[in-house]
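One structure is given here, and the rest of the page talks about it.
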Amino acid sequence: MKVIFAAGGTGGHIFPAVAIAEALRNKRSDVEARFVLGAGGKGAQFLEPIGFAWDAIPMKGMPRKNLLRLIPFAWDLVRSLISALGVLRRERPAAVVAMGGYPSAPVSLAAAMLRLPVYVAEQNRAPGLATKWNARFARAIFLAFEGSRAFFPSSKECAVTGNPVRPAIFDFDDTRARARWTLETNRKTVLFVGGSQGARTLNTIIMECLSRWERTEEVQFLFQTGADDFESFRQSCSRIQALVRTVPFLAEMGDAYGVATVVVGRAGASTLAELTALGKASILVPYPWAAEGHQSENAKYMEEKGAAVAIEQKALTADRLAEAMSGILFDDDRRGAMENASRAMGRPDAADAIATRILADWGEGGSEFIEDVTTGGLHRESSR
């Protein structure tokens, strides 16, 4: 059984897809997952280390301000549809899972044209344009938030499964983690994680905050800077009094989350899913240019539930960040309440629930898709 995952190029789209793929493979050893990404294979760096194959189509993001760029965008859309049809005909998958992001849109349309079942997974509270498009072809829509149902027609099957998380985030060993980054055992730990590529504006404010941090004997900091900023921030951190460990990228997120007393980061859907699966208290600074304000909506929802403090980037200062961190780090009752609220929102079994639903359509006896020579489409035929 082959399943195609169509996704944008960010970790927020790809990591949940990988979690579903691994859950499918755990349930059926004959499952083979393959990815379709956008122009240039953006996001392939997440897939290649773990051995997933991928194809690229020409699709890029839709221009929202320069209307003249809609013409080349439309041409890219046509080219992407043709490329997606070629991939699906070559790979002959049993199903397509659209994870969101513009590259998923032509793939879901191509699947519908070939009469392949399409499943949609939406990671954010408010779905993006691509997901709204993909939903019209969907056999089932998997949601991270209950409130997202209102964005889809009542005729569509919607299941609130939560957002799938990588199994690796549950792999935590305290001794290993503290040795990995030379962290002390008697200090509270703040984890700064601005996303896989870092976040320069957020990093600069964090650096200013750390340079003023007074309770230096009580707290230590693990700071993912991103590769581009690593050397400059590493040098800056070496000159301040606070105990700061800088890394360009945290591949070992299970250990990083495990040692963290508080997490400071963006409000991408995958980050929130991981925080809630682990029951972590957090300070969320939404990426201000996220499509359609997704991250602001996500952060606001987490704050409403009592699991996080949300601060928009334009309102963030070094002093406000220090105040927010102190208010959680040194108030055990408040932090405990935030951790409980976070844990109550978590859905660590999300990938398993989605895999179970997809396999239910496949059936115990299995089936295969064969080409209809009359229409050129594909249809499923039972092998029982």
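In the structure tokens, the first chain shown is A, the next is B, and so on; residue numbers restart at 1 for each chain, and ligands run from 1 in the order shown.
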For range 9-87 of chain A versus range 340-356 of chain A, which residues have an atom no more than 9 Å away, and what is each residue's nearest atom pair and distance in Å rounded to one decimal, using only C-alpha atoms, chain-then-number order, as a tab-separated table?
```
residue	atom	partner	partner_atom	distance
A:Pro16	CA	A:Ala351	CA	7.7
A:Ala17	CA	A:Ala351	CA	8.6
A:Ala19	CA	A:Ala351	CA	5.8
A:Ile20	CA	A:Ala351	CA	4.7
A:Ala21	CA	A:Ala355	CA	7.8
A:Glu22	CA	A:Ala351	CA	8.3
A:Ala23	CA	A:Asp352	CA	5.5
A:Leu24	CA	A:Ala355	CA	5.1
A:Arg25	CA	A:Ala355	CA	8.9
A:Lys27	CA	A:Ala355	CA	7.9
```
query = Which residues come within 9 Å of range 175-178 of chain A, counting only C-alpha atoms, excluding same-chain residues fewer than 4 positions away, as a VMD selection string?
reply = chain A and resid 182 to 185 252 254 to 256 258 to 259
Expected file: the selected residues, N, CA and C atoms, as a compact mmCIF listing (two decimals), in the first residue's frame:
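This went into again28.txt:
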```
# COMPACT_ATOMS: atom_id res chain seq x y z
N THR A 182 25.57 20.12 28.64
CA THR A 182 26.27 20.56 29.85
C THR A 182 25.37 21.44 30.71
N LEU A 183 24.20 20.94 31.01
CA LEU A 183 23.24 21.66 31.85
C LEU A 183 23.35 21.19 33.29
N GLU A 184 23.11 22.10 34.22
CA GLU A 184 23.21 21.77 35.63
C GLU A 184 21.88 21.20 36.14
N THR A 185 21.96 20.35 37.14
CA THR A 185 20.76 19.66 37.63
C THR A 185 19.94 20.49 38.60
N GLU A 252 17.46 16.74 18.71
CA GLU A 252 17.03 15.87 19.80
C GLU A 252 15.96 16.57 20.63
N GLY A 254 13.20 15.56 21.95
CA GLY A 254 12.71 14.88 23.14
C GLY A 254 13.50 15.28 24.37
N ASP A 255 14.81 15.30 24.25
CA ASP A 255 15.66 15.71 25.36
C ASP A 255 15.50 17.20 25.66
N ALA A 256 15.38 18.01 24.62
CA ALA A 256 15.25 19.46 24.82
C ALA A 256 13.97 19.80 25.55
N GLY A 258 12.27 17.75 27.36
CA GLY A 258 12.27 17.07 28.65
C GLY A 258 12.93 17.87 29.75
N VAL A 259 14.02 18.57 29.44
CA VAL A 259 14.72 19.34 30.48
C VAL A 259 14.10 20.71 30.70
```
Taking only range 292-373 of chain A into account, list the residues labelled helix (DSSP H, G or I) by DSSP (computed from the backbone), as a short mmCIF file (atom, residue, chain, number, x, y, z; two decimals) with C-alpha atoms, in the first residue's frame.
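Ended up saving to part_19.cif:
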```
data_model
loop_
_atom_site.label_atom_id
_atom_site.label_comp_id
_atom_site.auth_asym_id
_atom_site.auth_seq_id
_atom_site.Cartn_x
_atom_site.Cartn_y
_atom_site.Cartn_z
CA GLU A 292 -3.72 34.36 7.38
CA GLY A 293 -2.59 34.99 10.95
CA HIS A 294 -2.53 31.28 11.81
CA GLN A 295 0.03 31.56 14.56
CA SER A 296 -1.74 34.44 16.30
CA GLU A 297 -4.94 32.40 16.37
CA ASN A 298 -3.06 29.38 17.69
CA ALA A 299 -1.35 31.37 20.45
CA LYS A 300 -4.57 33.09 21.46
CA TYR A 301 -6.31 29.74 21.78
CA MET A 302 -3.53 28.35 23.97
CA GLU A 303 -3.70 31.42 26.22
CA GLU A 304 -7.50 31.19 26.47
CA GLN A 313 6.07 40.21 18.38
CA LYS A 314 5.32 43.92 17.97
CA ALA A 315 4.57 44.10 21.70
CA ALA A 318 13.25 42.29 26.69
CA ASP A 319 11.61 43.49 29.90
CA ARG A 320 8.23 41.97 29.04
CA LEU A 321 9.83 38.66 28.16
CA ALA A 322 11.78 38.63 31.44
CA GLU A 323 8.59 39.41 33.36
CA ALA A 324 6.69 36.62 31.62
CA MET A 325 9.46 34.08 32.25
CA SER A 326 9.79 35.04 35.93
CA GLY A 327 6.04 34.85 36.41
CA ILE A 328 6.04 31.19 35.33
CA LEU A 329 9.44 30.01 36.55
CA ASP A 332 5.05 26.81 41.05
CA ASP A 333 1.26 26.89 41.41
CA ARG A 334 0.78 28.93 38.27
CA ARG A 335 3.21 26.81 36.29
CA GLY A 336 1.53 23.62 37.49
CA ALA A 337 -1.86 24.94 36.37
CA MET A 338 -0.46 25.83 32.96
CA GLU A 339 1.10 22.39 32.60
CA ASN A 340 -2.19 20.72 33.49
CA ALA A 341 -4.07 22.88 30.98
CA SER A 342 -1.50 22.11 28.31
CA ARG A 343 -1.64 18.38 29.02
CA ALA A 344 -5.46 18.42 28.86
CA MET A 345 -5.22 19.78 25.31
CA ALA A 350 -3.28 11.77 16.94
CA ALA A 351 -1.13 10.02 14.33
CA ASP A 352 -2.45 6.64 15.39
CA ALA A 353 -6.07 7.83 15.15
CA ILE A 354 -5.54 9.19 11.64
CA ALA A 355 -3.73 6.04 10.48
CA THR A 356 -6.56 3.89 11.85
CA ARG A 357 -9.17 5.90 9.95
CA ILE A 358 -7.26 5.72 6.65
CA LEU A 359 -6.69 1.97 6.98
CA ALA A 360 -10.37 1.43 7.77
CA ASP A 361 -11.14 2.46 4.19
CA TRP A 362 -8.45 0.16 2.89
#
```
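Among the candidate residues A:Arg187, A:Thr317, A:Val262, A:Gly162, the one lying nearest to Cys209 in chain A is A:Thr317, with distances computed using only C-alpha atoms.
Here CA of Val96 in chain A is placed at a distance of 22.1 Å from CA of Arg125 in chain A.
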Q) Could you name the residues that touch Val31 in chain A at 8 Å or less, counting only C-alpha atoms, but leaving out those on the same chain fewer than 2 positions away, as a ChimeraX atom specification? A) /A:1-3,24-25,28-29,33
